[in-house]
Every structure is written in C-alpha cells, then in structure tokens.
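Everything below belongs to upload_7.csv, which stores CSV, C-alpha atoms and all ligand atoms.
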```csv
chain,number,residue,atom,x,y,z
A,1,MET,CA,21.7,299.1,-26.8
A,2,SER,CA,20.0,302.5,-27.4
A,3,ALA,CA,17.4,303.8,-25.0
A,4,GLU,CA,13.9,304.2,-26.2
A,5,VAL,CA,12.8,307.8,-25.6
A,6,VAL,CA,9.1,308.1,-24.6
A,7,LYS,CA,7.4,311.5,-24.3
A,8,VAL,CA,5.0,311.8,-21.4
A,9,SER,CA,2.9,314.6,-20.1
A,10,ALA,CA,4.4,316.1,-16.9
A,11,ASP,CA,1.0,316.9,-15.2
A,12,ASN,CA,-1.1,314.1,-16.5
A,13,PRO,CA,1.2,311.1,-17.4
A,14,GLN,CA,-0.1,308.5,-19.8
A,15,ARG,CA,-0.7,305.3,-17.8
A,16,GLU,CA,0.1,302.9,-20.6
A,17,SER,CA,3.6,304.4,-21.1
A,18,LEU,CA,4.3,304.3,-17.4
A,19,GLN,CA,3.1,300.7,-17.2
A,20,ARG,CA,5.6,299.7,-19.8
A,21,ALA,CA,8.4,301.7,-18.0
A,22,GLY,CA,7.4,300.1,-14.7
A,23,GLU,CA,7.5,296.6,-16.3
A,24,ILE,CA,11.1,297.3,-17.4
A,25,ILE,CA,12.1,298.1,-13.9
A,26,ARG,CA,10.3,295.1,-12.4
A,27,ARG,CA,12.3,292.9,-14.8
A,28,GLY,CA,15.6,294.4,-13.6
A,29,GLY,CA,16.0,297.0,-16.3
A,30,LEU,CA,16.8,300.8,-16.1
A,31,VAL,CA,14.5,303.7,-16.8
A,32,ALA,CA,15.5,307.4,-16.6
A,33,PHE,CA,12.6,309.6,-15.4
A,34,PRO,CA,11.9,313.2,-14.4
A,35,THR,CA,11.6,314.3,-10.8
A,36,GLU,CA,10.9,317.8,-9.5
A,37,THR,CA,14.7,318.2,-8.8
A,38,VAL,CA,16.7,316.5,-11.6
A,39,TYR,CA,16.2,313.4,-13.8
A,40,GLY,CA,16.9,310.1,-12.0
A,41,LEU,CA,18.1,306.8,-13.3
A,42,GLY,CA,15.7,304.2,-11.9
A,43,GLY,CA,16.1,300.5,-11.1
A,44,ASN,CA,14.4,298.2,-8.6
A,45,ALA,CA,15.8,299.2,-5.2
A,46,LEU,CA,15.3,295.7,-3.7
A,47,ASP,CA,17.2,293.9,-6.5
A,48,PRO,CA,21.0,293.8,-6.0
A,49,GLU,CA,21.5,293.1,-9.7
A,50,ALA,CA,19.6,296.3,-10.7
A,51,SER,CA,21.7,298.4,-8.3
A,52,ARG,CA,24.9,296.9,-9.8
A,53,ARG,CA,23.6,297.9,-13.3
A,54,ILE,CA,23.0,301.5,-12.1
A,55,TYR,CA,26.6,301.8,-10.9
A,56,ALA,CA,27.9,300.3,-14.2
A,57,ALA,CA,25.7,302.6,-16.4
A,58,LYS,CA,26.8,305.7,-14.5
A,59,GLY,CA,30.4,304.6,-14.1
A,60,ARG,CA,29.9,305.4,-10.4
A,61,PRO,CA,32.0,304.0,-7.5
A,62,SER,CA,29.8,301.3,-5.8
A,63,ASP,CA,30.5,302.7,-2.2
A,64,ASN,CA,28.4,305.7,-3.1
A,65,PRO,CA,24.9,304.7,-2.0
A,66,LEU,CA,21.6,305.3,-3.9
A,67,ILE,CA,18.4,307.0,-2.9
A,68,VAL,CA,15.3,304.8,-2.6
A,69,HIS,CA,12.2,306.6,-4.0
A,70,ILE,CA,8.8,305.8,-2.7
A,71,ALA,CA,5.3,306.9,-3.7
A,72,ASP,CA,3.4,306.2,-0.4
A,73,ILE,CA,4.4,307.0,3.1
A,74,LYS,CA,3.4,303.5,4.2
A,75,SER,CA,6.3,302.1,2.1
A,76,LEU,CA,8.7,303.4,4.8
A,77,GLU,CA,7.7,300.4,7.1
A,78,ALA,CA,9.3,297.9,4.7
A,79,ILE,CA,12.6,299.6,4.4
A,80,THR,CA,13.3,301.5,7.6
A,81,VAL,CA,13.4,300.1,11.2
A,82,GLU,CA,12.1,302.8,13.4
A,83,LEU,CA,10.8,306.3,12.5
A,84,PRO,CA,12.2,308.9,14.8
A,85,GLU,CA,9.7,311.7,15.8
A,86,GLU,CA,11.8,314.2,13.8
A,87,ALA,CA,11.5,312.1,10.7
A,88,ARG,CA,7.7,312.2,11.1
A,89,LYS,CA,7.7,315.9,11.4
A,90,LEU,CA,9.9,316.4,8.3
A,91,ALA,CA,7.8,314.0,6.3
A,92,LYS,CA,4.6,315.8,7.2
A,93,ALA,CA,6.0,319.2,6.3
A,94,CYS,CA,8.1,318.3,3.2
A,95,TRP,CA,6.8,315.2,1.5
A,96,PRO,CA,6.0,314.6,-1.3
A,97,GLY,CA,8.9,317.0,-2.2
A,98,PRO,CA,12.6,317.6,-2.7
A,99,LEU,CA,13.8,316.1,0.6
A,100,THR,CA,15.7,312.9,1.3
A,101,MET,CA,16.0,311.4,4.7
A,102,ILE,CA,18.7,309.0,5.9
A,103,LEU,CA,17.2,306.4,8.2
A,104,LYS,CA,18.1,303.0,9.7
A,105,LYS,CA,17.4,300.3,7.1
A,106,THR,CA,15.7,296.9,7.3
A,107,PRO,CA,17.4,293.7,5.8
A,108,GLN,CA,14.9,294.1,2.8
A,109,VAL,CA,17.2,296.7,1.4
A,110,PRO,CA,20.2,295.0,-0.2
A,111,PRO,CA,23.7,296.3,0.7
A,112,GLU,CA,24.3,296.9,-3.0
A,113,THR,CA,21.7,299.7,-2.9
A,114,THR,CA,23.2,301.4,0.2
A,115,GLY,CA,26.9,301.0,-0.6
A,116,GLY,CA,27.2,298.6,2.3
A,117,LEU,CA,25.8,301.1,4.9
A,118,ASP,CA,23.2,300.1,7.5
A,119,SER,CA,21.2,303.2,6.8
A,120,VAL,CA,19.1,304.0,3.7
A,121,ALA,CA,18.3,307.3,1.9
A,122,VAL,CA,14.6,307.7,1.3
A,123,ARG,CA,12.8,310.2,-0.9
A,124,PHE,CA,9.1,310.7,-1.7
A,125,PRO,CA,9.2,312.9,-4.8
A,126,SER,CA,6.3,315.1,-5.9
A,127,HIS,CA,6.6,314.8,-9.7
A,128,PRO,CA,3.5,313.0,-11.2
A,129,VAL,CA,5.6,311.0,-13.6
A,130,ALA,CA,8.0,309.9,-10.8
A,131,LEU,CA,5.1,308.9,-8.6
A,132,MET,CA,3.3,306.9,-11.2
A,133,LEU,CA,6.5,305.1,-12.3
A,134,ILE,CA,7.3,304.1,-8.7
A,135,GLU,CA,3.8,302.7,-8.3
A,136,GLU,CA,4.0,300.8,-11.5
A,137,ALA,CA,7.5,299.5,-10.7
A,138,GLY,CA,6.5,297.9,-7.4
A,139,GLY,CA,7.0,300.8,-4.9
A,140,PHE,CA,10.8,301.0,-4.4
A,141,VAL,CA,12.9,302.7,-7.1
A,142,ALA,CA,16.6,303.3,-6.5
A,143,ALA,CA,17.6,306.4,-8.4
A,144,PRO,CA,20.7,308.5,-8.5
A,145,SER,CA,20.8,311.5,-10.8
A,146,ALA,CA,20.8,310.2,-14.4
A,147,ASN,CA,24.2,311.6,-15.4
A,148,ALA,CA,27.5,309.9,-16.1
A,149,SER,CA,29.5,310.0,-12.9
A,150,GLY,CA,31.3,313.3,-12.5
A,151,ARG,CA,29.1,315.3,-15.0
A,152,PRO,CA,26.5,317.9,-14.0
A,153,SER,CA,23.1,316.3,-13.1
A,154,PRO,CA,20.6,316.2,-15.9
A,155,THR,CA,17.7,318.7,-16.0
A,156,THR,CA,16.4,317.6,-19.4
A,157,ALA,CA,15.9,314.3,-21.2
A,158,ALA,CA,18.5,315.5,-23.8
A,159,HIS,CA,21.1,315.7,-21.0
A,160,VAL,CA,20.3,312.1,-20.0
A,161,TRP,CA,20.5,310.9,-23.6
A,162,GLU,CA,24.0,312.6,-24.0
A,163,ASP,CA,25.4,310.7,-21.0
A,164,LEU,CA,23.4,307.4,-20.8
A,165,GLY,CA,21.5,307.0,-24.1
A,166,GLN,CA,23.6,304.0,-25.1
A,167,SER,CA,23.6,302.2,-21.7
A,168,ILE,CA,20.0,302.1,-20.4
A,169,ASP,CA,16.6,300.8,-21.5
A,170,MET,CA,14.2,303.8,-21.6
A,171,ILE,CA,14.1,307.6,-21.0
A,172,LEU,CA,10.8,309.2,-20.0
A,173,ASP,CA,10.8,312.7,-21.4
A,174,ALA,CA,8.5,315.1,-19.6
A,175,GLY,CA,10.4,318.3,-20.5
A,176,PRO,CA,12.7,320.3,-18.3
A,177,VAL,CA,12.5,319.9,-14.5
A,178,GLN,CA,11.2,322.5,-12.1
A,179,ILE,CA,13.9,323.0,-9.5
A,180,GLY,CA,17.1,322.0,-11.2
A,181,LEU,CA,19.3,321.1,-8.1
A,182,GLU,CA,19.2,317.7,-6.2
A,183,SER,CA,17.1,317.2,-3.1
A,184,THR,CA,18.2,318.4,0.4
A,185,ILE,CA,19.5,315.4,2.3
A,186,VAL,CA,19.0,315.2,6.1
A,187,ASP,CA,20.6,312.5,8.2
A,188,LEU,CA,18.2,311.4,11.0
A,189,THR,CA,20.5,308.7,12.3
A,190,SER,CA,22.7,311.5,13.8
A,191,ASP,CA,21.9,313.7,16.9
A,192,PRO,CA,21.2,316.5,16.1
A,193,PRO,CA,19.8,315.8,12.6
A,194,THR,CA,22.3,316.9,10.1
A,195,ILE,CA,22.0,318.4,6.6
A,196,LEU,CA,24.4,316.4,4.4
A,197,ARG,CA,23.5,318.2,1.2
A,198,PRO,CA,21.7,321.5,0.9
A,199,GLY,CA,18.9,321.8,-1.7
A,200,TYR,CA,15.5,323.5,-2.3
A,201,TYR,CA,14.8,323.2,1.5
A,202,SER,CA,17.3,325.5,3.1
A,203,LEU,CA,18.7,325.3,6.7
A,204,GLY,CA,16.4,328.2,7.7
A,205,MET,CA,13.3,326.4,6.3
A,206,LEU,CA,14.2,323.1,8.0
A,207,ARG,CA,15.0,324.9,11.3
A,208,SER,CA,11.4,326.1,11.4
A,209,ILE,CA,10.4,322.4,11.5
A,210,LEU,CA,13.3,321.0,13.5
A,211,PRO,CA,14.9,323.7,15.5
A,212,ASP,CA,18.0,321.6,16.2
A,213,VAL,CA,18.9,320.7,12.7
A,214,ARG,CA,22.4,321.7,11.6
A,215,MET,CA,24.6,321.8,8.5
A,216,ASP,CA,27.2,319.0,8.3
A,217,PRO,CA,30.4,320.6,9.6
A,218,GLY,CA,32.1,318.2,7.3
A,219,LEU,CA,30.7,319.8,4.1
A,220,PRO,CA,33.6,320.7,2.0
A,221,GLU,CA,32.8,324.4,2.0
A,222,SER,CA,32.9,324.3,5.8
A,223,ASP,CA,36.3,322.7,6.0
A,224,PRO,CA,38.1,321.0,3.2
A,225,LEU,CA,40.2,319.0,5.6
A,226,LEU,CA,37.3,317.2,7.3
A,227,HIS,CA,35.6,314.2,5.7
A,228,PRO,CA,32.1,314.7,4.5
A,229,LYS,CA,29.6,312.2,5.7
A,230,ALA,CA,27.5,311.6,2.6
A,231,PRO,CA,29.8,309.3,0.7
A,232,GLY,CA,28.9,311.1,-2.6
A,233,MET,CA,30.1,314.4,-1.3
A,234,LYS,CA,33.8,313.4,-1.4
A,235,TYR,CA,33.8,313.0,-5.1
A,236,ARG,CA,34.4,315.9,-7.5
A,237,HIS,CA,30.9,316.3,-8.8
A,238,TYR,CA,28.9,318.3,-11.1
A,239,ALA,CA,32.1,319.2,-12.9
A,240,PRO,CA,32.3,320.8,-16.3
A,241,ARG,CA,35.4,319.8,-18.4
A,242,ALA,CA,36.8,323.3,-18.3
A,243,GLU,CA,38.6,324.7,-15.2
A,244,LEU,CA,36.1,326.9,-13.4
A,245,THR,CA,37.0,329.7,-11.0
A,246,ILE,CA,34.5,331.7,-8.9
A,247,ILE,CA,35.2,335.4,-8.5
A,248,GLU,CA,33.9,336.8,-5.2
A,249,GLY,CA,33.6,340.4,-4.1
A,250,ASP,CA,31.9,343.7,-4.8
A,251,ARG,CA,29.8,343.5,-7.9
A,252,SER,CA,31.6,346.1,-10.1
A,253,ALA,CA,35.0,344.7,-9.0
A,254,VAL,CA,33.9,341.2,-9.9
A,255,VAL,CA,32.9,342.4,-13.4
A,256,GLN,CA,36.2,344.2,-13.9
A,257,THR,CA,38.3,341.2,-12.7
A,258,ILE,CA,36.4,338.7,-14.9
A,259,ARG,CA,36.8,341.0,-17.9
A,260,SER,CA,40.5,341.5,-17.5
A,261,ARG,CA,41.3,337.8,-16.7
A,262,SER,CA,39.2,336.7,-19.7
A,263,GLU,CA,41.3,339.0,-22.0
A,264,GLN,CA,44.5,337.6,-20.5
A,265,MET,CA,43.4,334.1,-21.1
A,266,ALA,CA,42.2,334.8,-24.6
A,267,ALA,CA,45.6,336.4,-25.4
A,268,ARG,CA,47.2,333.1,-24.3
A,269,GLY,CA,45.0,331.3,-26.9
A,270,LYS,CA,42.5,329.8,-24.3
A,271,LYS,CA,38.8,329.6,-25.1
A,272,VAL,CA,37.0,331.4,-22.3
A,273,GLY,CA,33.4,331.1,-20.9
A,274,ILE,CA,31.8,333.5,-18.4
A,275,LEU,CA,28.9,332.6,-16.2
A,276,SER,CA,26.9,335.7,-15.1
A,277,SER,CA,23.6,336.8,-13.6
A,278,GLN,CA,21.2,338.6,-15.9
A,279,GLU,CA,21.9,341.8,-13.9
A,280,THR,CA,25.5,342.0,-15.2
A,281,ALA,CA,25.4,339.9,-18.4
A,282,ASP,CA,25.6,342.9,-20.8
A,283,GLN,CA,28.9,344.0,-19.3
A,284,TYR,CA,30.8,341.0,-20.7
A,285,PRO,CA,31.6,340.1,-24.3
A,286,ALA,CA,28.5,338.6,-25.8
A,287,GLY,CA,30.3,335.7,-27.4
A,288,LEU,CA,31.7,334.5,-24.1
A,289,VAL,CA,29.0,335.0,-21.6
A,290,LEU,CA,26.1,332.7,-20.6
A,291,CYS,CA,23.4,334.2,-18.4
A,292,VAL,CA,22.3,331.7,-15.8
A,293,GLY,CA,19.3,333.6,-14.5
A,294,SER,CA,18.3,336.6,-12.4
A,295,LEU,CA,19.5,337.3,-8.8
A,296,ALA,CA,16.0,338.7,-8.3
A,297,ARG,CA,14.5,335.3,-9.2
A,298,GLU,CA,16.8,332.8,-7.7
A,299,GLU,CA,14.8,329.8,-8.9
A,300,THR,CA,15.9,330.7,-12.5
A,301,ILE,CA,19.5,330.3,-11.5
A,302,ALA,CA,18.9,326.9,-9.8
A,303,ARG,CA,17.0,325.7,-12.8
A,304,GLN,CA,19.6,326.7,-15.4
A,305,LEU,CA,23.0,326.2,-13.6
A,306,TYR,CA,23.7,322.6,-14.8
A,307,ASP,CA,22.5,323.3,-18.3
A,308,CYS,CA,24.9,326.3,-18.5
A,309,LEU,CA,27.8,324.1,-17.3
A,310,ARG,CA,27.0,321.5,-20.0
A,311,SER,CA,26.8,324.3,-22.6
A,312,PHE,CA,30.3,325.4,-21.8
A,313,ASP,CA,31.5,321.8,-22.4
A,314,ALA,CA,29.6,321.7,-25.7
A,315,ARG,CA,31.4,324.9,-26.8
A,316,GLY,CA,34.8,323.3,-25.9
A,317,VAL,CA,35.7,326.1,-23.4
A,318,ASP,CA,39.0,325.7,-21.5
A,319,VAL,CA,38.5,328.1,-18.6
A,320,ILE,CA,35.3,329.4,-17.0
A,321,TYR,CA,35.0,332.5,-14.8
A,322,SER,CA,31.8,332.6,-12.7
A,323,GLU,CA,30.2,335.3,-10.6
A,324,SER,CA,28.9,334.0,-7.2
A,325,PHE,CA,25.1,333.8,-6.5
A,326,HIS,CA,24.5,334.2,-2.8
A,327,THR,CA,20.7,334.4,-3.1
A,328,PRO,CA,18.4,334.4,0.0
A,329,LEU,CA,17.0,330.9,0.0
A,330,MET,CA,18.6,328.6,-2.5
A,331,GLY,CA,21.9,330.4,-2.5
A,332,GLU,CA,23.3,327.8,-0.1
A,333,ALA,CA,22.5,325.0,-2.6
A,334,ILE,CA,23.5,326.9,-5.7
A,335,MET,CA,26.9,327.9,-4.2
A,336,ASN,CA,27.4,324.3,-2.8
A,337,ARG,CA,27.1,322.9,-6.4
A,338,LEU,CA,29.1,325.8,-8.0
A,339,LEU,CA,31.9,325.4,-5.5
A,340,LYS,CA,32.1,321.7,-6.3
A,341,ALA,CA,32.1,322.3,-10.0
A,342,ALA,CA,35.0,324.7,-9.4
A,343,GLY,CA,36.9,322.2,-7.3
A,344,HIS,CA,36.7,325.0,-4.7
A,345,ARG,CA,38.8,327.5,-6.7
A,346,VAL,CA,37.6,330.9,-5.5
A,347,ASP,CA,39.4,334.2,-6.0
A,348,TYR,CA,38.6,337.6,-4.5
A,349,ALA,CA,38.1,340.6,-6.8
A,350,VAL,CA,39.9,343.7,-5.7
A,351,SER,CA,38.3,347.1,-6.4
A,352,PRO,CA,40.5,349.6,-8.2
A,353,GLY,CA,40.5,351.9,-5.1
A,354,ASP,CA,41.5,349.2,-2.6
A,401,LIG,O1,17.1,315.1,-6.1
A,401,LIG,C1,17.6,314.0,-5.9
A,401,LIG,O2,17.9,313.6,-4.8
A,401,LIG,C2,18.0,313.1,-7.1
A,401,LIG,C3,16.7,312.7,-7.8
A,401,LIG,C4,16.9,311.7,-8.9
A,401,LIG,O3,15.8,312.2,-6.8
A,401,LIG,N1,18.8,312.0,-6.8
A,401,LIG,C5,20.1,312.2,-6.4
A,401,LIG,O4,20.8,311.0,-6.2
A,401,LIG,O5,20.7,313.3,-6.4
A,401,LIG,P1,22.4,310.9,-6.2
A,401,LIG,O6,22.7,309.4,-6.1
A,401,LIG,O7,23.0,311.6,-7.3
A,401,LIG,O8,22.8,311.5,-4.8
A,401,LIG,C6,22.6,310.8,-3.6
A,401,LIG,C7,23.4,311.3,-2.5
A,401,LIG,C8,24.9,310.9,-2.6
A,401,LIG,O9,25.7,312.0,-2.2
A,401,LIG,C9,25.0,309.8,-1.6
A,401,LIG,O10,26.3,309.6,-1.1
A,401,LIG,C10,24.0,310.2,-0.5
A,401,LIG,O11,22.9,310.7,-1.3
A,401,LIG,N2,23.5,309.1,0.3
A,401,LIG,C11,22.7,308.0,-0.2
A,401,LIG,N3,22.5,307.1,0.8
A,401,LIG,C12,23.1,307.6,1.9
A,401,LIG,C13,23.3,307.1,3.3
A,401,LIG,N4,22.8,306.0,3.6
A,401,LIG,N5,24.0,307.9,4.1
A,401,LIG,C14,24.6,309.0,3.7
A,401,LIG,N6,24.5,309.5,2.5
A,401,LIG,C15,23.8,308.8,1.6
A,402,MG,MG,24.3,312.7,-8.5
```

Please, can you express the file's structure as structure tokens?
Ligand code: TXA
Ligand code: MG
Amino acid sequence: MSAEVVKVSADNPQRESLQRAGEIIRRGGLVAFPTETVYGLGGNALDPEASRRIYAAKGRPSDNPLIVHIADIKSLEAITVELPEEARKLAKACWPGPLTMILKKTPQVPPETTGGLDSVAVRFPSHPVALMLIEEAGGFVAAPSANASGRPSPTTAAHVWEDLGQSIDMILDAGPVQIGLESTIVDLTSDPPTILRPGYYSLGMLRSILPDVRMDPGLPESDPLLHPKAPGMKYRHYAPRAELTIIEGDRSAVVQTIRSRSEQMAARGKKVGILSSQETADQYPAGLVLCVGSLAREETIARQLYDCLRSFDARGVDVIYSESFHTPLMGEAIMNRLLKAAGHRVDYAVSPGD
C-alpha cells in the first residue's frame, strides 16, 4: 500500500479533502497530518485496533503511549476523570497550542492507546488542518509523531513519506511546520505538576502560570541513572544514523576543536558532518557544514534541527560534530532533543591558552 498524498492549504484547509481524511480515520485507517509542532500519524484514539496499527506502522514499542488530540475543550469530559485546577489554568493559557497534559483517563480510552497506563496524554493543537481533521474524524485522534520509531520527527510531508509512505493510507501535505519540535508535556497527575518533555513552552513560561511546576528530575539530562517518567523518554530517539557528538565550551575553542577533530576523522577515511549556527558556519569547510539557524533567532534552529539530522543521513555521514545551542527560551527543548540524538555524547572544547 502506498499513501495518497493530498496537498491542503495550511491556513484555509479544503473541507472536502479533510472530510475524506476524517472518513479514513473513522473507518480505522491512518492519516498523517501537520500540527504546529511536527507532523503526526493519526488514528481513532478510541479504537484499539487503530492504535495497534499506529504502533505497527512506526515500529514503535506498544508500551510507549500515544497522545490523544482534541479540537474542543469539551471533549476532555469524555476521556478524563477530573480536571485539576492547574489543568484548567494551563488549558486557558496554552490551548489551542503546543502543550500536552497528562491526566487521569476514563474507561472510554482503551489501554492500547495509553500503553496500559491509567492516565492519558491530551493535546489541543492550533494548526487549522489538525483541528479540521480531528473534527471530521469524530473528535479523538491518537497521534504520535509521524516518523519511523528512532528517526527524527518529521517537519515536512516529504519526511513522512520517507519513513511511512508505504505503510499508511494518506498524508496531508500543508508544507513545513512552524515550530519543529514536539509539544511540551506536563504531568498533572503528579504533585507538583512536572514537565516530562520540554518544548515551545519553557519551564519559565509555565512557571508564570503554575508557580510550582518543575522539570522531571528523571529527565536523562538531569541524571542518566534515574528512570524518566514519560515512557517514550527512555528510548534513544530523534537519532541520526551517524554518531553525533556535541562540543561544548567557549565559542572559538568549539570551532577549533570541531575543525581539528573533523580533519582527524577525515584522515581516517570517515565521512564527517558539522552542525553549526549561522554565526560560525563560515568557519568550517563548506562541504561538511550544515547551518541549522541563527542563535539570534532561536525559532529558526528549532524549525530546522530535525531536517538537518535527516540531511546528514541522506549524505551518508559517519560522524557528526555539533555546536550546542543554549538559546534563551527554546534552548531547553533544542538541547533536550540534540542530547538525545547524540546519545548524550558531550565533549568540552579546551581553549589553546587553558
Ligand atoms: O507535538 C507533539 O506532541 C506531537 C504532535 C504530533 O502532536 N506528538 C508527539 O507524540 O510527539 P509522540 O508519541 O512522538 O510523543 C508522545 C510522548 C511520548 O514520550 C510518550 O511516552 C509520552 O508522550 N506520553 C504519552 N502518554 C503518556 C502518559 N499517559 N504518561 C506519561 N507520558 C506519556
Ligand atoms: Mg515521537
């Protein structure tokens, strides 16, 4: 089976196409669609068979739960038991938008969708295509990122086609997404509420709404020995095929270190890739470097990170050296994904004078 690719307008989606896509999901099929964060692989969240198909198409372990997407705040009643006051506040401030909340689930949500947990992840996206699809599909769309398990999340329809073109029914193509990194996940079944995955909404932004909210101390970057709570966080994710190492430190020392390591690797016959910010890109050999975006415009880095990782794969690169991108707001999320792609390999550049 090859997926049908249907172009739709991002701002003003064609109702007829979305009706057809919704019908596929109602009948138990799978449709990939754009959200403001990344492309999702949608199936009927209340149909255990559809959830099984999603896991099979992605090659994803079935204990890694799916996010249920809604297009109306009233839909929460059917799938969650009680709504804590904190959840109300977050929903008011952040929905529709790139935030996922973990809440206690009702029996309506099958265990296949939640990986057997008694909680459910819920997200109310803002992308017009996502919203219309959810409506047309009956109101509850389970959607993980539409990549093959272990590959970087898709930010274009072409990425989805690469990974899943032969195993799903339809791909809605509304062009590249806006944000480029998956939603922030906040667990509201824990006290205090806990960020399980950083995203567009940073810890600082969420603290201005819920002063108690904290980062999951089990996030791999906090302590690799602790178990992360979002089941998905324990898998090596967003990974390019090449071995990626992040080089931290003073900017000029980082450039020097990456240049000399690249030369050493090239001398050993390895194909090297370098991931850099626009600010330093011209200091590396042009044939090796990919510019991810500008440190002065962090949204460009978030938007292009996964596409760059995929491009290195397409070039058949063996090793990647990456600068770090600790930008003010999305730096948390960018570095969370980059560290995972690197399997947490970080080296520190030493300045010549040190
Ligand atoms: O931006 C996004 O959130 C995208 C788009 C398509 O909406 N979706 C997405 O889904 O990133 P996925 O499946 O790739 O990531 C879902 C994450 C996984 O790490 C999973 O373990 C966690 O959410 N999760 C889902 N349900 C959970 C639950 N009940 N408790 C804890 N973590 C949960
Ligand atoms: Mg994913």

key: Top pick for closest residue to ligand LIG 401 (chain A), considering A:Leu206, A:Leu41, A:Val292, A:Leu90 and counting only C-alpha atoms and all ligand atoms   =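 Closest candidate: A:Leu41.
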
ask   = Expressed in Å to a single decimal, how great is the separation between atom CA of Ile274 of chain A and atom CA of Met335 of chain A?
value = 16.0 Å

message = When you count only C-alpha atoms and all ligand atoms, which of these residues is closest to ligand LIG 401 (chain A): A:Ala121, A:Ala142, A:Val346, A:Ala174?
response =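 When distances to ligand LIG 401 (chain A) are compared using only C-alpha atoms and all ligand atoms, the smallest one comes from A:Ala121.
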
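Between atom CA of Ser208 of chain A and atom CA of Leu117 of chain A the interatomic distance comes to 29.6 Å.
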
request  = Kindly give the distance, in Å, that separates atom CA of Asp173 of chain A and atom CA of Ala32 of chain A, rounded to a single decimal.
outcome  = 8.6 Å

task = Give as a list in words the residues surrounding ligand LIG 401 (chain A) up to a distance of 6 Å, considering all atoms listed in the file.
result =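 Protein and nucleic-acid residues within 6 Å of ligand LIG 401 (chain A): Thr37, Val38, Tyr39, Gly40, Asn64, Pro65, Leu66, Ile67, Ile102, Thr114, Leu117, Ser119, Val120, Ala121, Ala143, Pro144, Ser145, Glu182, Ser183, Ala230, Pro231, Gly232 and Met233 of chain A.
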
inquiry  = Within 12 Å of (25.3, 306.4, -24.4) in the file's own coordinates, which protein, DNA or RNA residues have an atom, counting only C-alpha atoms? List them as a ChimeraX atom specification.
reply    = /A:1-4,57-59,146-148,158-171

message = For a quick check of understanding, using all atoms listed in the file, which of A:Met205, A:Ile247, A:Ala239, A:Leu30 has the smallest distance to Arg261 of chain A?
response =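 For Arg261 of chain A, the nearest of the given residues is A:Ile247.
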
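Proximity to ligand MG 402 (chain A) was assessed for A:Gly29, A:Gly150, A:Pro98, A:Gly180 counting all atoms listed in the file; the smallest distance is recorded for A:Gly150.
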
task = Identify which of the residues A:Leu309, A:Val5, A:Gly28, A:Arg337 lies closest to ligand MG 402 (chain A), counting only C-alpha atoms and all ligand atoms when measuring atom-to-atom distances.
result = A:Arg337

query = Which is closer to Val129 of chain A than all the others in A:Ala87, A:Val6, A:Ala50, A:Met265, using only C-alpha atoms?
reply =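 Distance minimum relative to Val129 of chain A lands on A:Val6.
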
Residue neighbourhood segment 185-199 of chain A, 7 Å, all atoms listed in the file, exclusion window fewer than 6 positions, as a count of residues only = 17

message = Env of Leu338 of chain A: 9 Å cut, atoms = all atoms listed in the file, seq-sep filter 6 positions within chain, self excluded. Answer as a list in words.
response = Tyr238, Ala239, Leu244, Ile246, Leu305, Ser322, Ser324 and His344 of chain A

key: Close residues, Val319 of chain A itself excluded, 12 Å, all atoms listed in the file, min 3 positions apart in chain, as a ChimeraX atom specification   = /A:240-246,258,261-266,268-275,288,309,312-313,315-316,322,342,345

Kindly save the residues from that selection, with C-alpha atoms included, as a PDB file, in the coordinates of the input.
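Contents of the output file again01.pdb:
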```pdb
ATOM      1  CA  PRO A 240      32.300 320.800 -16.300  1.00  0.00           C
ATOM      2  CA  ARG A 241      35.400 319.800 -18.400  1.00  0.00           C
ATOM      3  CA  ALA A 242      36.800 323.300 -18.300  1.00  0.00           C
ATOM      4  CA  GLU A 243      38.600 324.700 -15.200  1.00  0.00           C
ATOM      5  CA  LEU A 244      36.100 326.900 -13.400  1.00  0.00           C
ATOM      6  CA  THR A 245      37.000 329.700 -11.000  1.00  0.00           C
ATOM      7  CA  ILE A 246      34.500 331.700  -8.900  1.00  0.00           C
ATOM      8  CA  ILE A 258      36.400 338.700 -14.900  1.00  0.00           C
ATOM      9  CA  ARG A 261      41.300 337.800 -16.700  1.00  0.00           C
ATOM     10  CA  SER A 262      39.200 336.700 -19.700  1.00  0.00           C
ATOM     11  CA  GLU A 263      41.300 339.000 -22.000  1.00  0.00           C
ATOM     12  CA  GLN A 264      44.500 337.600 -20.500  1.00  0.00           C
ATOM     13  CA  MET A 265      43.400 334.100 -21.100  1.00  0.00           C
ATOM     14  CA  ALA A 266      42.200 334.800 -24.600  1.00  0.00           C
ATOM     15  CA  ARG A 268      47.200 333.100 -24.300  1.00  0.00           C
ATOM     16  CA  GLY A 269      45.000 331.300 -26.900  1.00  0.00           C
ATOM     17  CA  LYS A 270      42.500 329.800 -24.300  1.00  0.00           C
ATOM     18  CA  LYS A 271      38.800 329.600 -25.100  1.00  0.00           C
ATOM     19  CA  VAL A 272      37.000 331.400 -22.300  1.00  0.00           C
ATOM     20  CA  GLY A 273      33.400 331.100 -20.900  1.00  0.00           C
ATOM     21  CA  ILE A 274      31.800 333.500 -18.400  1.00  0.00           C
ATOM     22  CA  LEU A 275      28.900 332.600 -16.200  1.00  0.00           C
ATOM     23  CA  LEU A 288      31.700 334.500 -24.100  1.00  0.00           C
ATOM     24  CA  LEU A 309      27.800 324.100 -17.300  1.00  0.00           C
ATOM     25  CA  PHE A 312      30.300 325.400 -21.800  1.00  0.00           C
ATOM     26  CA  ASP A 313      31.500 321.800 -22.400  1.00  0.00           C
ATOM     27  CA  ARG A 315      31.400 324.900 -26.800  1.00  0.00           C
ATOM     28  CA  GLY A 316      34.800 323.300 -25.900  1.00  0.00           C
ATOM     29  CA  SER A 322      31.800 332.600 -12.700  1.00  0.00           C
ATOM     30  CA  ALA A 342      35.000 324.700  -9.400  1.00  0.00           C
ATOM     31  CA  ARG A 345      38.800 327.500  -6.700  1.00  0.00           C
TER      32      ARG A 345
END
```

query = Got a sec: who's within 8 Å of Val255 of chain A, counting all atoms listed in the file, leaving out chain neighbours fewer than 2 positions off, as a VMD selection string?
reply = chain A and resid 251 to 253 257 to 259 280 283 to 284
